[in-house]
Structures are given as C-alpha cells and as structure tokens.
>>> print(open('run-v5.txt').read())   # compact mmCIF, N, CA and C atoms
# COMPACT_ATOMS: atom_id res chain seq x y z
N MET A 1395 63.76 15.50 27.45
CA MET A 1395 62.61 15.93 26.70
C MET A 1395 61.44 15.14 27.21
N PRO A 1396 60.33 15.62 27.50
CA PRO A 1396 59.84 16.96 27.17
C PRO A 1396 60.04 17.96 28.32
N ILE A 1397 59.74 19.21 28.01
CA ILE A 1397 59.72 20.25 29.02
C ILE A 1397 58.29 20.77 29.12
N LEU A 1398 57.79 20.87 30.35
CA LEU A 1398 56.44 21.34 30.60
C LEU A 1398 56.53 22.64 31.39
N ASN A 1399 55.87 23.68 30.89
CA ASN A 1399 55.83 24.97 31.56
C ASN A 1399 54.39 25.26 31.96
N VAL A 1400 54.20 25.62 33.22
CA VAL A 1400 52.87 25.88 33.74
C VAL A 1400 52.85 27.24 34.42
N LYS A 1401 51.84 28.02 34.11
CA LYS A 1401 51.54 29.24 34.87
C LYS A 1401 50.19 29.00 35.52
N VAL A 1402 50.14 29.25 36.81
CA VAL A 1402 48.93 29.03 37.59
C VAL A 1402 48.61 30.32 38.33
N SER A 1403 47.35 30.71 38.31
CA SER A 1403 46.98 31.89 39.09
C SER A 1403 46.87 31.49 40.56
N GLY A 1404 47.38 32.36 41.42
CA GLY A 1404 47.30 32.09 42.84
C GLY A 1404 48.62 32.35 43.54
N THR A 1405 48.62 32.09 44.83
CA THR A 1405 49.81 32.24 45.65
C THR A 1405 50.59 30.94 45.60
N ARG A 1406 51.91 31.05 45.55
CA ARG A 1406 52.76 29.87 45.49
C ARG A 1406 52.42 28.90 46.61
N SER A 1407 52.30 27.63 46.22
CA SER A 1407 51.98 26.59 47.17
C SER A 1407 52.78 25.34 46.82
N PRO A 1408 53.74 24.96 47.65
CA PRO A 1408 54.50 23.73 47.38
C PRO A 1408 53.59 22.50 47.24
N GLU A 1409 52.54 22.45 48.05
CA GLU A 1409 51.60 21.32 47.97
C GLU A 1409 50.91 21.28 46.61
N LEU A 1410 50.40 22.42 46.16
CA LEU A 1410 49.75 22.47 44.86
C LEU A 1410 50.75 22.18 43.75
N SER A 1411 51.96 22.69 43.86
CA SER A 1411 52.99 22.41 42.85
C SER A 1411 53.22 20.90 42.74
N GLN A 1412 53.31 20.21 43.87
CA GLN A 1412 53.51 18.76 43.85
C GLN A 1412 52.32 18.04 43.22
N ARG A 1413 51.13 18.50 43.53
CA ARG A 1413 49.93 17.87 42.95
C ARG A 1413 49.88 18.08 41.43
N ILE A 1414 50.18 19.31 41.00
CA ILE A 1414 50.19 19.61 39.56
C ILE A 1414 51.28 18.79 38.87
N ALA A 1415 52.48 18.78 39.44
CA ALA A 1415 53.59 18.04 38.84
C ALA A 1415 53.28 16.55 38.74
N GLY A 1416 52.72 15.98 39.79
CA GLY A 1416 52.36 14.56 39.76
C GLY A 1416 51.33 14.25 38.70
N MET A 1417 50.31 15.12 38.60
CA MET A 1417 49.28 14.93 37.59
C MET A 1417 49.87 15.03 36.19
N LEU A 1418 50.70 16.05 35.95
CA LEU A 1418 51.30 16.24 34.63
C LEU A 1418 52.23 15.10 34.26
N LEU A 1419 53.02 14.66 35.21
CA LEU A 1419 53.94 13.55 34.96
C LEU A 1419 53.16 12.29 34.58
N GLY A 1420 52.07 12.04 35.30
CA GLY A 1420 51.24 10.87 35.00
C GLY A 1420 50.61 10.94 33.63
N LEU A 1421 50.01 12.08 33.29
CA LEU A 1421 49.36 12.22 31.98
C LEU A 1421 50.38 12.16 30.85
N THR A 1422 51.51 12.81 31.04
CA THR A 1422 52.54 12.85 30.00
C THR A 1422 53.09 11.46 29.74
N SER A 1423 53.27 10.70 30.78
CA SER A 1423 53.77 9.34 30.65
C SER A 1423 52.72 8.40 30.06
N ARG A 1424 51.52 8.43 30.64
CA ARG A 1424 50.46 7.49 30.22
C ARG A 1424 49.93 7.76 28.82
N ILE A 1425 49.67 9.01 28.49
CA ILE A 1425 49.03 9.32 27.21
C ILE A 1425 50.05 9.56 26.10
N LEU A 1426 51.11 10.32 26.41
CA LEU A 1426 52.07 10.67 25.38
C LEU A 1426 53.27 9.73 25.33
N GLY A 1427 53.37 8.83 26.31
CA GLY A 1427 54.45 7.85 26.30
C GLY A 1427 55.82 8.43 26.59
N LYS A 1428 55.88 9.55 27.31
CA LYS A 1428 57.15 10.19 27.62
C LYS A 1428 57.73 9.61 28.90
N SER A 1429 59.03 9.47 28.93
CA SER A 1429 59.73 8.90 30.08
C SER A 1429 59.77 9.89 31.23
N PRO A 1430 59.25 9.51 32.41
CA PRO A 1430 59.29 10.40 33.56
C PRO A 1430 60.71 10.83 33.95
N GLU A 1431 61.69 9.99 33.69
CA GLU A 1431 63.08 10.28 34.09
C GLU A 1431 63.66 11.48 33.35
N VAL A 1432 63.14 11.81 32.18
CA VAL A 1432 63.69 12.94 31.41
C VAL A 1432 62.67 14.05 31.20
N THR A 1433 61.57 14.00 31.96
CA THR A 1433 60.54 15.03 31.86
C THR A 1433 60.81 16.11 32.89
N SER A 1434 60.86 17.36 32.42
CA SER A 1434 61.08 18.51 33.31
C SER A 1434 59.80 19.34 33.40
N ILE A 1435 59.50 19.82 34.60
CA ILE A 1435 58.29 20.61 34.84
C ILE A 1435 58.68 21.88 35.58
N ALA A 1436 58.27 23.03 35.04
CA ALA A 1436 58.50 24.32 35.69
C ALA A 1436 57.14 24.96 35.95
N ILE A 1437 56.90 25.36 37.20
CA ILE A 1437 55.62 25.94 37.60
C ILE A 1437 55.85 27.36 38.11
N ASP A 1438 55.12 28.30 37.54
CA ASP A 1438 55.16 29.70 37.97
C ASP A 1438 53.78 30.08 38.48
N TYR A 1439 53.76 30.92 39.50
CA TYR A 1439 52.50 31.42 40.05
C TYR A 1439 52.34 32.90 39.70
N VAL A 1440 51.13 33.27 39.33
CA VAL A 1440 50.80 34.66 39.01
C VAL A 1440 49.65 35.07 39.94
N HIS A 1441 49.84 36.18 40.64
CA HIS A 1441 48.81 36.65 41.56
C HIS A 1441 47.53 36.94 40.78
N PRO A 1442 46.36 36.54 41.29
CA PRO A 1442 45.09 36.74 40.59
C PRO A 1442 44.78 38.20 40.26
N GLU A 1443 45.40 39.15 40.98
CA GLU A 1443 45.22 40.57 40.62
C GLU A 1443 45.99 40.92 39.36
N ASP A 1444 47.01 40.10 39.04
CA ASP A 1444 47.86 40.37 37.89
C ASP A 1444 47.50 39.53 36.66
N TRP A 1445 46.50 38.69 36.78
CA TRP A 1445 46.05 37.85 35.65
C TRP A 1445 44.72 38.42 35.20
N ILE A 1446 44.71 39.01 34.02
CA ILE A 1446 43.54 39.72 33.52
C ILE A 1446 42.88 38.90 32.41
N VAL A 1447 41.59 38.66 32.53
CA VAL A 1447 40.81 37.98 31.50
C VAL A 1447 39.60 38.84 31.19
N GLY A 1448 39.42 39.18 29.94
CA GLY A 1448 38.28 40.01 29.56
C GLY A 1448 38.32 41.39 30.18
N GLY A 1449 39.53 41.89 30.46
CA GLY A 1449 39.68 43.22 31.03
C GLY A 1449 39.51 43.30 32.53
N ARG A 1450 39.27 42.14 33.18
CA ARG A 1450 39.07 42.13 34.64
C ARG A 1450 40.01 41.13 35.29
N PRO A 1451 40.59 41.49 36.42
CA PRO A 1451 41.46 40.54 37.12
C PRO A 1451 40.68 39.30 37.56
N LEU A 1452 41.36 38.17 37.55
CA LEU A 1452 40.72 36.94 38.03
C LEU A 1452 40.23 37.11 39.46
N ALA A 1453 40.97 37.86 40.29
CA ALA A 1453 40.57 38.07 41.68
C ALA A 1453 39.17 38.68 41.75
N ALA A 1454 38.87 39.62 40.88
CA ALA A 1454 37.55 40.26 40.87
C ALA A 1454 36.47 39.32 40.36
N GLN A 1455 36.88 38.32 39.59
CA GLN A 1455 35.91 37.36 39.02
C GLN A 1455 35.72 36.13 39.91
N GLY A 1456 36.56 36.00 40.93
CA GLY A 1456 36.48 34.82 41.80
C GLY A 1456 36.86 33.55 41.07
N LYS A 1457 37.79 33.67 40.12
CA LYS A 1457 38.19 32.53 39.28
C LYS A 1457 39.69 32.29 39.36
N ARG A 1458 40.09 31.14 38.89
CA ARG A 1458 41.49 30.75 38.74
C ARG A 1458 41.72 30.41 37.28
N SER A 1459 42.97 30.40 36.86
CA SER A 1459 43.27 30.04 35.48
C SER A 1459 44.64 29.39 35.42
N PHE A 1460 44.94 28.81 34.26
CA PHE A 1460 46.26 28.26 34.02
C PHE A 1460 46.61 28.40 32.55
N TRP A 1461 47.89 28.43 32.28
CA TRP A 1461 48.45 28.37 30.94
C TRP A 1461 49.49 27.27 30.99
N PHE A 1462 49.40 26.34 30.08
CA PHE A 1462 50.30 25.21 30.07
C PHE A 1462 50.83 25.01 28.67
N ASP A 1463 52.14 24.86 28.55
CA ASP A 1463 52.66 24.41 27.27
C ASP A 1463 53.67 23.29 27.49
N ILE A 1464 53.69 22.42 26.50
CA ILE A 1464 54.59 21.27 26.53
C ILE A 1464 55.28 21.19 25.18
N ARG A 1465 56.58 21.01 25.22
CA ARG A 1465 57.36 20.85 24.00
C ARG A 1465 57.71 19.37 23.88
N ILE A 1466 57.27 18.80 22.76
CA ILE A 1466 57.56 17.40 22.47
C ILE A 1466 58.21 17.32 21.10
N THR A 1467 58.93 16.25 20.86
CA THR A 1467 59.57 16.07 19.55
C THR A 1467 58.50 15.78 18.51
N ASP A 1468 58.54 16.54 17.42
CA ASP A 1468 57.58 16.39 16.33
C ASP A 1468 57.53 14.95 15.83
N GLU A 1469 56.33 14.53 15.50
CA GLU A 1469 56.08 13.20 14.94
C GLU A 1469 56.16 12.07 15.97
N THR A 1470 56.25 12.40 17.26
CA THR A 1470 56.31 11.32 18.26
C THR A 1470 54.94 11.01 18.87
N ASN A 1471 53.95 11.85 18.58
CA ASN A 1471 52.59 11.61 19.09
C ASN A 1471 51.58 11.92 18.01
N THR A 1472 50.47 11.17 18.04
CA THR A 1472 49.41 11.36 17.05
C THR A 1472 48.52 12.53 17.46
N LYS A 1473 47.72 12.98 16.52
CA LYS A 1473 46.74 14.04 16.80
C LYS A 1473 45.76 13.58 17.87
N ALA A 1474 45.35 12.31 17.80
CA ALA A 1474 44.40 11.76 18.79
C ALA A 1474 45.02 11.72 20.19
N GLU A 1475 46.29 11.35 20.30
CA GLU A 1475 46.95 11.34 21.60
C GLU A 1475 47.03 12.75 22.19
N LYS A 1476 47.38 13.71 21.34
CA LYS A 1476 47.48 15.09 21.83
C LYS A 1476 46.11 15.62 22.24
N ALA A 1477 45.07 15.28 21.49
CA ALA A 1477 43.71 15.72 21.85
C ALA A 1477 43.28 15.10 23.18
N GLN A 1478 43.56 13.82 23.38
CA GLN A 1478 43.23 13.16 24.65
C GLN A 1478 43.99 13.81 25.80
N PHE A 1479 45.27 14.10 25.58
CA PHE A 1479 46.09 14.74 26.60
C PHE A 1479 45.49 16.09 27.00
N ILE A 1480 45.10 16.89 26.04
CA ILE A 1480 44.51 18.21 26.31
C ILE A 1480 43.20 18.06 27.09
N ARG A 1481 42.34 17.15 26.66
CA ARG A 1481 41.06 16.93 27.36
C ARG A 1481 41.28 16.52 28.81
N GLU A 1482 42.14 15.53 29.01
CA GLU A 1482 42.35 15.01 30.36
C GLU A 1482 43.08 16.03 31.25
N LEU A 1483 43.95 16.83 30.66
CA LEU A 1483 44.63 17.86 31.43
C LEU A 1483 43.65 18.92 31.91
N HIS A 1484 42.75 19.35 31.03
CA HIS A 1484 41.73 20.32 31.45
C HIS A 1484 40.87 19.74 32.58
N ALA A 1485 40.45 18.49 32.43
CA ALA A 1485 39.62 17.86 33.45
C ALA A 1485 40.37 17.75 34.78
N ALA A 1486 41.64 17.39 34.74
CA ALA A 1486 42.43 17.26 35.97
C ALA A 1486 42.63 18.61 36.64
N MET A 1487 42.89 19.65 35.85
CA MET A 1487 43.06 20.99 36.43
C MET A 1487 41.75 21.48 37.04
N LYS A 1488 40.64 21.13 36.43
CA LYS A 1488 39.32 21.52 36.97
C LYS A 1488 39.10 20.84 38.32
N THR A 1489 39.61 19.63 38.48
CA THR A 1489 39.51 18.93 39.76
C THR A 1489 40.38 19.62 40.82
N LEU A 1490 41.59 20.04 40.42
CA LEU A 1490 42.49 20.72 41.35
C LEU A 1490 42.03 22.14 41.65
N ARG A 1491 41.39 22.79 40.69
CA ARG A 1491 40.97 24.19 40.80
C ARG A 1491 39.51 24.30 40.36
N PRO A 1492 38.55 23.96 41.21
CA PRO A 1492 37.13 23.94 40.82
C PRO A 1492 36.61 25.28 40.28
N ASP A 1493 37.24 26.38 40.68
CA ASP A 1493 36.80 27.70 40.22
C ASP A 1493 37.53 28.13 38.96
N LEU A 1494 37.90 27.15 38.12
CA LEU A 1494 38.69 27.39 36.92
C LEU A 1494 37.93 28.23 35.90
N HIS A 1495 38.57 29.27 35.41
CA HIS A 1495 38.00 30.12 34.36
C HIS A 1495 38.03 29.35 33.04
N GLU A 1496 37.03 29.57 32.21
CA GLU A 1496 36.99 28.87 30.91
C GLU A 1496 38.14 29.29 30.01
N CYS A 1497 38.73 30.45 30.27
CA CYS A 1497 39.90 30.91 29.51
C CYS A 1497 41.17 30.39 30.18
N SER A 1498 41.36 29.09 30.09
CA SER A 1498 42.56 28.40 30.56
C SER A 1498 43.05 27.57 29.38
N TYR A 1499 44.36 27.49 29.19
CA TYR A 1499 44.85 26.98 27.92
C TYR A 1499 45.94 25.93 28.04
N VAL A 1500 45.95 25.03 27.06
CA VAL A 1500 46.99 24.02 26.88
C VAL A 1500 47.53 24.20 25.47
N HIS A 1501 48.84 24.23 25.33
CA HIS A 1501 49.49 24.39 24.04
C HIS A 1501 50.53 23.29 23.89
N VAL A 1502 50.31 22.40 22.93
CA VAL A 1502 51.27 21.35 22.64
C VAL A 1502 52.14 21.82 21.48
N ILE A 1503 53.43 21.92 21.72
CA ILE A 1503 54.35 22.43 20.72
C ILE A 1503 55.16 21.25 20.16
N ASP A 1504 54.99 20.99 18.88
CA ASP A 1504 55.77 19.96 18.20
C ASP A 1504 57.06 20.59 17.70
N ALA A 1505 58.16 20.23 18.33
CA ALA A 1505 59.46 20.80 17.96
C ALA A 1505 60.25 19.81 17.11
N ARG A 1506 60.90 20.31 16.08
CA ARG A 1506 61.72 19.45 15.22
C ARG A 1506 62.84 18.83 16.04
N ALA A 1507 63.10 17.56 15.80
CA ALA A 1507 64.16 16.86 16.52
C ALA A 1507 65.52 17.50 16.29
N ALA A 1508 65.74 18.06 15.12
CA ALA A 1508 67.02 18.69 14.80
C ALA A 1508 67.24 19.99 15.55
N ALA A 1509 66.20 20.49 16.21
CA ALA A 1509 66.31 21.76 16.93
C ALA A 1509 66.92 21.57 18.32
N TYR A 1510 67.19 20.37 18.72
CA TYR A 1510 67.75 20.11 20.05
C TYR A 1510 69.20 19.77 19.98
>>> encode(input="run-v5.txt", output="structure tokens")
Amino acid sequence: MPILNVKVSGTRSPELSQRIAGMLLGLTSRILGKSPEVTSIAIDYVHPEDWIVGGRPLAAQGKRSFWFDIRITDETNTKAEKAQFIRELHAAMKTLRPDLHECSYVHVIDARAAAY
C-alpha cells in the first residue's frame, strides 16, 4: 500500500513513465510518508485523439492531461498533507508536461484499513 494509478495523454514513453514514477514515488514518500518498498505505480497512456475535454480532443487543443488517483489507508494522512500532495503533484506534472490542460485531476482515496 499505496497503489497509484496514472492516465497520461500521449504516446507511451518508457522515459516519461520513469520520470513520472520517480516523481510520484518521491512525493508519496516525502509528503505522505509512504514506504517506497510497498508503493505500486501503474501508468496508462491515452492517445490525445481519444481524450476529450469540453467536447474536443486534446490533440485539437494542443494540450496534454492526466488523471491520477492514489489509494491510501484512511486516517494515515492529514487534510493538510493531502492538500500539499495535490498541489505539488500538479506543479510537478506541469513541469513534465508544460502544455498541461487545466482539466487534469488528482483523486486521493481514503480506503478503510479493514477493506484490505
């Protein structure tokens, strides 16, 4: 625990996957205090023609986007820690993808410990 799921618009890139994974591992460890040894990251790529925002494909808008969710055990992080994580994740993704669409999302899911 935790599990991080990322959808990124664009063509699959092992280099970008490594950069995203490294960034996520660092933020998850530093801000949320999660152990890198048990953190799993899954990255999926969606072609910009297939990612629609506001009725138009990202490809037509010249933009990139991401959807990120992380499942953490409920009550293990404060609201302030989660807010900092979300802020820093958006900033880091903007650095990796300067043409980032404003409709890019982070979802922190607090899962009950008994659910595992």
>>> atom_distance(input="run-v5.txt", atom1="atom CA of A:Asp1463", atom2="atom CA of A:Val1500")
5.7 Å
>>> select_by_dssp(input="run-v5.txt", residues="stretch 1397-1436 of chain A", states="strand (DSSP E or B)", output="VMD selection string")
chain A and resid 1397 to 1403 1434 to 1436
>>> closest_residue(input="run-v5.txt", among="A:Met1487, A:Ala1507, A:Leu1421, A:Ile1435", to="A:Asp1468", atoms="only N, CA and C atoms")
A:Ala1507
>>> residues_around(input="run-v5.txt", residues="A:Cys1497", least_positions_apart="6", cutoff="10 Å", atoms="only C-alpha atoms", output="PyMOL selection string")
chain A and resi 1447-1448+1458-1461
>>> atom_distance(input="run-v5.txt", atom1="atom C of A:Glu1496", atom2="atom N of A:Glu1469")
27.6 Å
>>> residues_around(input="run-v5.txt", residues="A:Ile1464", least_positions_apart="4", cutoff="7 Å", atoms="only N, CA and C atoms", output="count of residues only")
9
>>> atom_distance(input="run-v5.txt", atom1="atom C of A:Pro1442", atom2="atom C of A:Gly1404")
7.7 Å
>>> closest_residue(input="run-v5.txt", among="A:Ser1498, A:Thr1422, A:Trp1445, A:Glu1475", to="A:Phe1462", atoms="all atoms listed in the file")
A:Ser1498
>>> residues_around(input="run-v5.txt", residues="A:Leu1490", least_positions_apart="6", cutoff="8 Å", atoms="all atoms listed in the file", output="list in words")
Arg1413, Ile1414 and His1484 of chain A
>>> select_by_dssp(input="run-v5.txt", residues="stretch 1413-1466 of chain A", states="helix (DSSP H, G or I)", output="ChimeraX atom specification")
/A:1413-1426,1430-1432,1452-1455
>>> write_last_selection(input="run-v5.txt", atoms="N, CA and C atoms", output="short mmCIF file (atom, residue, chain, number, x, y, z; two decimals), in the frame of the given file")
data_model
loop_
_atom_site.label_atom_id
_atom_site.label_comp_id
_atom_site.auth_asym_id
_atom_site.auth_seq_id
_atom_site.Cartn_x
_atom_site.Cartn_y
_atom_site.Cartn_z
N ARG A 1413 51.13 18.50 43.53
CA ARG A 1413 49.93 17.87 42.95
C ARG A 1413 49.88 18.08 41.43
N ILE A 1414 50.18 19.31 41.00
CA ILE A 1414 50.19 19.61 39.56
C ILE A 1414 51.28 18.79 38.87
N ALA A 1415 52.48 18.78 39.44
CA ALA A 1415 53.59 18.04 38.84
C ALA A 1415 53.28 16.55 38.74
N GLY A 1416 52.72 15.98 39.79
CA GLY A 1416 52.36 14.56 39.76
C GLY A 1416 51.33 14.25 38.70
N MET A 1417 50.31 15.12 38.60
CA MET A 1417 49.28 14.93 37.59
C MET A 1417 49.87 15.03 36.19
N LEU A 1418 50.70 16.05 35.95
CA LEU A 1418 51.30 16.24 34.63
C LEU A 1418 52.23 15.10 34.26
N LEU A 1419 53.02 14.66 35.21
CA LEU A 1419 53.94 13.55 34.96
C LEU A 1419 53.16 12.29 34.58
N GLY A 1420 52.07 12.04 35.30
CA GLY A 1420 51.24 10.87 35.00
C GLY A 1420 50.61 10.94 33.63
N LEU A 1421 50.01 12.08 33.29
CA LEU A 1421 49.36 12.22 31.98
C LEU A 1421 50.38 12.16 30.85
N THR A 1422 51.51 12.81 31.04
CA THR A 1422 52.54 12.85 30.00
C THR A 1422 53.09 11.46 29.74
N SER A 1423 53.27 10.70 30.78
CA SER A 1423 53.77 9.34 30.65
C SER A 1423 52.72 8.40 30.06
N ARG A 1424 51.52 8.43 30.64
CA ARG A 1424 50.46 7.49 30.22
C ARG A 1424 49.93 7.76 28.82
N ILE A 1425 49.67 9.01 28.49
CA ILE A 1425 49.03 9.32 27.21
C ILE A 1425 50.05 9.56 26.10
N LEU A 1426 51.11 10.32 26.41
CA LEU A 1426 52.07 10.67 25.38
C LEU A 1426 53.27 9.73 25.33
N PRO A 1430 59.25 9.51 32.41
CA PRO A 1430 59.29 10.40 33.56
C PRO A 1430 60.71 10.83 33.95
N GLU A 1431 61.69 9.99 33.69
CA GLU A 1431 63.08 10.28 34.09
C GLU A 1431 63.66 11.48 33.35
N VAL A 1432 63.14 11.81 32.18
CA VAL A 1432 63.69 12.94 31.41
C VAL A 1432 62.67 14.05 31.20
N LEU A 1452 41.36 38.17 37.55
CA LEU A 1452 40.72 36.94 38.03
C LEU A 1452 40.23 37.11 39.46
N ALA A 1453 40.97 37.86 40.29
CA ALA A 1453 40.57 38.07 41.68
C ALA A 1453 39.17 38.68 41.75
N ALA A 1454 38.87 39.62 40.88
CA ALA A 1454 37.55 40.26 40.87
C ALA A 1454 36.47 39.32 40.36
N GLN A 1455 36.88 38.32 39.59
CA GLN A 1455 35.91 37.36 39.02
C GLN A 1455 35.72 36.13 39.91
#
>>> decode(input="run-v5.txt", residues="stretch 1424-1434 of chain A", atoms="all heavy atoms", output="PDB file, in the first residue's frame")
ATOM      1  N   ARG A1424       7.860  11.522   0.575  1.00  0.00           N
ATOM      2  CA  ARG A1424       8.194  12.743   1.322  1.00  0.00           C
ATOM      3  C   ARG A1424       6.992  13.385   1.996  1.00  0.00           C
ATOM      4  O   ARG A1424       7.057  13.762   3.170  1.00  0.00           O
ATOM      5  CB  ARG A1424       8.852  13.758   0.379  1.00  0.00           C
ATOM      6  CG  ARG A1424       9.242  15.073   1.060  1.00  0.00           C
ATOM      7  CD  ARG A1424      10.017  15.983   0.128  1.00  0.00           C
ATOM      8  NE  ARG A1424       9.346  16.290  -1.110  1.00  0.00           N
ATOM      9  CZ  ARG A1424       8.427  17.254  -1.263  1.00  0.00           C
ATOM     10  NH1 ARG A1424       8.050  17.988  -0.235  1.00  0.00           N
ATOM     11  NH2 ARG A1424       7.897  17.478  -2.447  1.00  0.00           N
ATOM     12  N   ILE A1425       5.885  13.502   1.291  1.00  0.00           N
ATOM     13  CA  ILE A1425       4.734  14.231   1.841  1.00  0.00           C
ATOM     14  C   ILE A1425       3.786  13.320   2.611  1.00  0.00           C
ATOM     15  O   ILE A1425       3.321  13.677   3.698  1.00  0.00           O
ATOM     16  CB  ILE A1425       3.970  14.963   0.717  1.00  0.00           C
ATOM     17  CG1 ILE A1425       4.892  15.989   0.052  1.00  0.00           C
ATOM     18  CG2 ILE A1425       2.716  15.642   1.270  1.00  0.00           C
ATOM     19  CD1 ILE A1425       4.327  16.611  -1.218  1.00  0.00           C
ATOM     20  N   LEU A1426       3.503  12.142   2.059  1.00  0.00           N
ATOM     21  CA  LEU A1426       2.525  11.260   2.691  1.00  0.00           C
ATOM     22  C   LEU A1426       3.163  10.220   3.609  1.00  0.00           C
ATOM     23  O   LEU A1426       2.457   9.489   4.309  1.00  0.00           O
ATOM     24  CB  LEU A1426       1.672  10.567   1.622  1.00  0.00           C
ATOM     25  CG  LEU A1426       0.871  11.495   0.705  1.00  0.00           C
ATOM     26  CD1 LEU A1426       0.083  10.685  -0.314  1.00  0.00           C
ATOM     27  CD2 LEU A1426      -0.053  12.410   1.504  1.00  0.00           C
ATOM     28  N   GLY A1427       4.498  10.138   3.593  1.00  0.00           N
ATOM     29  CA  GLY A1427       5.193   9.221   4.486  1.00  0.00           C
ATOM     30  C   GLY A1427       5.022   7.753   4.128  1.00  0.00           C
ATOM     31  O   GLY A1427       5.156   6.880   4.986  1.00  0.00           O
ATOM     32  N   LYS A1428       4.760   7.460   2.859  1.00  0.00           N
ATOM     33  CA  LYS A1428       4.560   6.080   2.426  1.00  0.00           C
ATOM     34  C   LYS A1428       5.898   5.442   2.065  1.00  0.00           C
ATOM     35  O   LYS A1428       6.774   6.081   1.489  1.00  0.00           O
ATOM     36  CB  LYS A1428       3.600   6.004   1.235  1.00  0.00           C
ATOM     37  CG  LYS A1428       2.275   6.705   1.453  1.00  0.00           C
ATOM     38  CD  LYS A1428       1.553   6.211   2.693  1.00  0.00           C
ATOM     39  CE  LYS A1428       0.234   6.933   2.878  1.00  0.00           C
ATOM     40  NZ  LYS A1428      -0.334   6.740   4.192  1.00  0.00           N
ATOM     41  N   SER A1429       6.029   4.182   2.381  1.00  0.00           N
ATOM     42  CA  SER A1429       7.262   3.444   2.123  1.00  0.00           C
ATOM     43  C   SER A1429       7.409   3.134   0.641  1.00  0.00           C
ATOM     44  O   SER A1429       6.535   2.500   0.050  1.00  0.00           O
ATOM     45  CB  SER A1429       7.263   2.144   2.928  1.00  0.00           C
ATOM     46  OG  SER A1429       8.378   1.364   2.569  1.00  0.00           O
ATOM     47  N   PRO A1430       8.509   3.558   0.013  1.00  0.00           N
ATOM     48  CA  PRO A1430       8.725   3.264  -1.403  1.00  0.00           C
ATOM     49  C   PRO A1430       8.727   1.762  -1.708  1.00  0.00           C
ATOM     50  O   PRO A1430       8.323   1.348  -2.788  1.00  0.00           O
ATOM     51  CB  PRO A1430      10.089   3.875  -1.709  1.00  0.00           C
ATOM     52  CG  PRO A1430      10.312   4.888  -0.648  1.00  0.00           C
ATOM     53  CD  PRO A1430       9.595   4.381   0.570  1.00  0.00           C
ATOM     54  N   GLU A1431       9.142   0.945  -0.760  1.00  0.00           N
ATOM     55  CA  GLU A1431       9.249  -0.507  -0.982  1.00  0.00           C
ATOM     56  C   GLU A1431       7.899  -1.170  -1.218  1.00  0.00           C
ATOM     57  O   GLU A1431       7.834  -2.248  -1.808  1.00  0.00           O
ATOM     58  CB  GLU A1431       9.963  -1.179   0.194  1.00  0.00           C
ATOM     59  CG  GLU A1431      11.433  -0.828   0.308  1.00  0.00           C
ATOM     60  CD  GLU A1431      11.679   0.551   0.928  1.00  0.00           C
ATOM     61  OE1 GLU A1431      10.808   1.071   1.658  1.00  0.00           O
ATOM     62  OE2 GLU A1431      12.752   1.121   0.650  1.00  0.00           O
ATOM     63  N   VAL A1432       6.811  -0.566  -0.747  1.00  0.00           N
ATOM     64  CA  VAL A1432       5.485  -1.182  -0.912  1.00  0.00           C
ATOM     65  C   VAL A1432       4.544  -0.308  -1.737  1.00  0.00           C
ATOM     66  O   VAL A1432       3.337  -0.525  -1.756  1.00  0.00           O
ATOM     67  CB  VAL A1432       4.850  -1.524   0.454  1.00  0.00           C
ATOM     68  CG1 VAL A1432       5.657  -2.597   1.155  1.00  0.00           C
ATOM     69  CG2 VAL A1432       4.703  -0.290   1.326  1.00  0.00           C
ATOM     70  N   THR A1433       5.110   0.693  -2.424  1.00  0.00           N
ATOM     71  CA  THR A1433       4.308   1.571  -3.274  1.00  0.00           C
ATOM     72  C   THR A1433       4.303   1.029  -4.695  1.00  0.00           C
ATOM     73  O   THR A1433       5.358   0.765  -5.267  1.00  0.00           O
ATOM     74  CB  THR A1433       4.885   3.009  -3.263  1.00  0.00           C
ATOM     75  OG1 THR A1433       4.840   3.516  -1.915  1.00  0.00           O
ATOM     76  CG2 THR A1433       4.095   3.928  -4.170  1.00  0.00           C
ATOM     77  N   SER A1434       3.093   0.859  -5.244  1.00  0.00           N
ATOM     78  CA  SER A1434       2.940   0.374  -6.625  1.00  0.00           C
ATOM     79  C   SER A1434       2.411   1.501  -7.503  1.00  0.00           C
ATOM     80  O   SER A1434       1.539   2.271  -7.073  1.00  0.00           O
ATOM     81  CB  SER A1434       1.954  -0.790  -6.671  1.00  0.00           C
ATOM     82  OG  SER A1434       2.458  -1.879  -5.952  1.00  0.00           O
TER      83      SER A1434
END
